[in-house]
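A.B. asks: Below is the file model.pdb, which contains PDB, C-alpha atoms.
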ATOM      1  CA  MET A 599       2.995  -1.173  -6.063  1.00  0.00           C
ATOM      2  CA  PHE A 600       5.954   0.745  -4.701  1.00  0.00           C
ATOM      3  CA  THR A 601       7.661  -0.701  -1.637  1.00  0.00           C
ATOM      4  CA  ILE A 602       9.157   1.284   1.235  1.00  0.00           C
ATOM      5  CA  GLU A 603      11.987  -0.486   3.051  1.00  0.00           C
ATOM      6  CA  LEU A 604      13.981   0.452   6.151  1.00  0.00           C
ATOM      7  CA  LEU A 605      17.731  -0.200   6.323  1.00  0.00           C
ATOM      8  CA  THR A 606      18.494  -2.365   9.370  1.00  0.00           C
ATOM      9  CA  ARG A 607      21.610  -4.186  10.566  1.00  0.00           C
ATOM     10  CA  GLN A 608      20.252  -7.317   8.879  1.00  0.00           C
ATOM     11  CA  GLY A 609      19.585  -5.549   5.545  1.00  0.00           C
ATOM     12  CA  TRP A 610      16.453  -4.001   4.037  1.00  0.00           C
ATOM     13  CA  SER A 611      13.145  -4.659   5.812  1.00  0.00           C
ATOM     14  CA  GLN A 612       9.818  -3.900   4.119  1.00  0.00           C
ATOM     15  CA  THR A 613       7.645  -1.424   6.023  1.00  0.00           C
ATOM     16  CA  GLU A 614       4.738  -0.674   3.661  1.00  0.00           C
ATOM     17  CA  THR A 615       3.578  -0.456   0.047  1.00  0.00           C
ATOM     18  CA  HIS A 616       1.727   2.189  -1.966  1.00  0.00           C
ATOM     19  CA  GLU A 617       0.159   2.168  -5.411  1.00  0.00           C
ATOM     20  CA  GLN A 618       1.452   5.655  -6.265  1.00  0.00           C
ATOM     21  CA  ARG A 619       5.157   6.433  -6.573  1.00  0.00           C
ATOM     22  CA  GLU A 620       4.740   9.978  -5.265  1.00  0.00           C
ATOM     23  CA  LEU A 621       2.968   8.807  -2.110  1.00  0.00           C
ATOM     24  CA  ALA A 622       5.602   6.151  -1.414  1.00  0.00           C
ATOM     25  CA  GLU A 623       8.401   8.688  -1.834  1.00  0.00           C
ATOM     26  CA  LEU A 624       6.645  11.234   0.380  1.00  0.00           C
ATOM     27  CA  GLN A 625       6.087   8.652   3.133  1.00  0.00           C
ATOM     28  CA  ALA A 626       9.716   7.469   2.981  1.00  0.00           C
ATOM     29  CA  MET A 627      10.970  11.062   3.140  1.00  0.00           C
ATOM     30  CA  LEU A 628       8.745  11.880   6.129  1.00  0.00           C
ATOM     31  CA  LYS A 629       9.771   8.696   7.964  1.00  0.00           C
ATOM     32  CA  SER A 630      13.450   9.482   7.413  1.00  0.00           C
ATOM     33  CA  GLN A 631      13.070  13.064   8.604  1.00  0.00           C
ATOM     34  CA  ALA A 632      11.130  11.920  11.673  1.00  0.00           C
ATOM     35  CA  ASP A 633      13.441   9.146  12.879  1.00  0.00           C
ATOM     36  CA  GLY A 634      16.747   9.859  11.089  1.00  0.00           C
ATOM     37  CA  LYS A 635      16.914   6.377   9.570  1.00  0.00           C
ATOM     38  CA  THR A 636      17.536   5.382   5.952  1.00  0.00           C
ATOM     39  CA  TYR A 637      14.644   4.255   3.750  1.00  0.00           C
ATOM     40  CA  ARG A 638      14.352   3.250   0.128  1.00  0.00           C
ATOM     41  CA  VAL A 639      11.514   3.027  -2.364  1.00  0.00           C
ATOM     42  CA  THR A 640      11.550   0.433  -5.125  1.00  0.00           C
ATOM     43  CA  SER A 641       9.202  -0.272  -8.001  1.00  0.00           C
ATOM     44  CA  PRO A 642       7.841  -3.794  -8.604  1.00  0.00           C
ATOM     45  CA  GLU A 643      10.219  -4.496 -11.483  1.00  0.00           C
ATOM     46  CA  LEU A 644      13.110  -2.749  -9.662  1.00  0.00           C
ATOM     47  CA  SER A 645      13.405  -0.156 -12.441  1.00  0.00           C
ATOM     48  CA  ILE A 646      13.169   2.708  -9.934  1.00  0.00           C
ATOM     49  CA  LEU A 647      15.246   3.042  -6.771  1.00  0.00           C
ATOM     50  CA  CYS A 648      15.105   6.011  -4.402  1.00  0.00           C
ATOM     51  CA  VAL A 649      17.069   6.327  -1.152  1.00  0.00           C
ATOM     52  CA  PHE A 650      16.009   8.737   1.595  1.00  0.00           C
ATOM     53  CA  THR A 651      18.183   9.890   4.496  1.00  0.00           C
ATOM     54  CA  ARG A 652      17.924  12.818   6.876  1.00  0.00           C
ATOM     55  CA  GLN A 653      20.490  14.611   4.685  1.00  0.00           C
ATOM     56  CA  GLY A 654      18.440  14.250   1.491  1.00  0.00           C
ATOM     57  CA  SER A 655      17.416  11.803  -1.207  1.00  0.00           C
ATOM     58  CA  SER A 656      18.550  10.344  -4.525  1.00  0.00           C
ATOM     59  CA  CYS A 657      16.561   8.487  -7.180  1.00  0.00           C
ATOM     60  CA  TRP A 658      17.684   6.379 -10.102  1.00  0.00           C
ATOM     61  CA  GLU A 659      15.822   4.867 -13.041  1.00  0.00           C
ATOM     62  CA  LEU A 660      17.618   1.620 -13.786  1.00  0.00           C
ATOM     63  CA  ASP A 661      17.949   0.067 -17.216  1.00  0.00           C
ATOM     64  CA  GLN A 662      16.091  -3.174 -17.699  1.00  0.00           C
ATOM     65  CA  PRO A 663      17.385  -5.952 -19.947  1.00  0.00           C
ATOM     66  CA  VAL A 664      15.472  -6.304 -23.204  1.00  0.00           C
ATOM     67  CA  ALA A 665      14.446  -9.793 -24.314  1.00  0.00           C
ATOM     68  CA  ALA A 666      15.762 -10.678 -27.772  1.00  0.00           C
TER
END
Have the structure of the file written as structure tokens, please.
C.D. replies:
Amino acid sequence: MFTIELLTRQGWSQTETHEQRELAELQAMLKSQADGKTYRVTSPELSILCVFTRQGSSCWELDQPVAA
């Protein structure tokens, strides 16, 4: 599941989840364009992080530690 979160004064607040990454990113982008707020999408293991603002978006694939 991919989680969409809204940036608030208190930090990130979960708004919804989606099974597909593309759908989560599309929803976050549309929400940001509609209300001008900042949203992010994260993967369950936090290996993917995307941030969406009215000015655009950025995504990162984060390295995960490998067990020895």
A.B. asks: When distances are computed from all atoms listed in the file, which of A:Trp658, A:Ser641, A:Ala626, A:Ala632 shows the smallest separation from Leu605 of chain A?
C.D. replies: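 For Leu605 of chain A, the nearest of the candidates is A:Ala626.
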A.B. asks: Determine the nearest neighbour of Asp633 of chain A from the options A:Leu647, A:Leu621, A:Met599, A:Leu604, counting all atoms listed in the file.
C.D. replies: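 Smallest distance to Asp633 of chain A is found for A:Leu604.
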A.B. asks: Please, what distance in Å, to one decimal, runs between atom CA of Arg652 of chain A and atom CA of Arg638 of chain A?
C.D. replies: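 Rounded to one decimal, the two atoms are 12.2 Å apart.
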A.B. asks: Written as a list in words, what is the full residue list that the PyMOL selection byres ((chain A and resi 629) around 12) yields on the file shown?
C.D. replies: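 What the PyMOL selection byres ((chain A and resi 629) around 12) grabs from the file is Ile602, Glu603, Leu604, Thr613, Glu614, Ala622, Glu623, Leu624, Gln625, Ala626, Met627, Leu628, Ser630, Gln631, Ala632, Asp633, Gly634, Lys635, Thr636, Tyr637, Arg638, Val639, Val649, Phe650, Thr651 and Arg652 of chain A.
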A.B. asks: Could you write out the selected residues, including C-alpha atoms, as a compact mmCIF listing (two decimals), in the coordinates of the input?
C.D. replies:
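Output file selection_16.txt follows:
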# COMPACT_ATOMS: atom_id res chain seq x y z
CA ILE A 602 9.16 1.28 1.24
CA GLU A 603 11.99 -0.49 3.05
CA LEU A 604 13.98 0.45 6.15
CA THR A 613 7.64 -1.42 6.02
CA GLU A 614 4.74 -0.67 3.66
CA ALA A 622 5.60 6.15 -1.41
CA GLU A 623 8.40 8.69 -1.83
CA LEU A 624 6.64 11.23 0.38
CA GLN A 625 6.09 8.65 3.13
CA ALA A 626 9.72 7.47 2.98
CA MET A 627 10.97 11.06 3.14
CA LEU A 628 8.74 11.88 6.13
CA SER A 630 13.45 9.48 7.41
CA GLN A 631 13.07 13.06 8.60
CA ALA A 632 11.13 11.92 11.67
CA ASP A 633 13.44 9.15 12.88
CA GLY A 634 16.75 9.86 11.09
CA LYS A 635 16.91 6.38 9.57
CA THR A 636 17.54 5.38 5.95
CA TYR A 637 14.64 4.26 3.75
CA ARG A 638 14.35 3.25 0.13
CA VAL A 639 11.51 3.03 -2.36
CA VAL A 649 17.07 6.33 -1.15
CA PHE A 650 16.01 8.74 1.60
CA THR A 651 18.18 9.89 4.50
CA ARG A 652 17.92 12.82 6.88
A.B. asks: Using only C-alpha atoms for the distances, tell me which of A:Ser656, A:Thr615, A:Glu643, A:Asp661 is nearest to Phe600 of chain A.
C.D. replies: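 Closest to Phe600 of chain A of all the choices is A:Thr615.
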A.B. asks: At what distance in Å, to one decimal, does atom CA of Gln653 of chain A lie from atom CA of Gln618 of chain A?
C.D. replies: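 These two atoms are separated by 23.7 Å.
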A.B. asks: At what distance in Å, to one decimal, does atom CA of Leu660 of chain A lie from atom CA of Arg619 of chain A?
C.D. replies: 15.2 Å
A.B. asks: First collect every listed atom of segment 619-623 of chain A; then fit an axis-aligned box around them, widen it by 8 Å on each side, and give centre and edge lengths in Å to one decimal, as JSON.
C.D. replies:
{"center_x": 5.7, "center_y": 8.1, "center_z": -4.0, "size_x": 21.4, "size_y": 19.8, "size_z": 21.2}
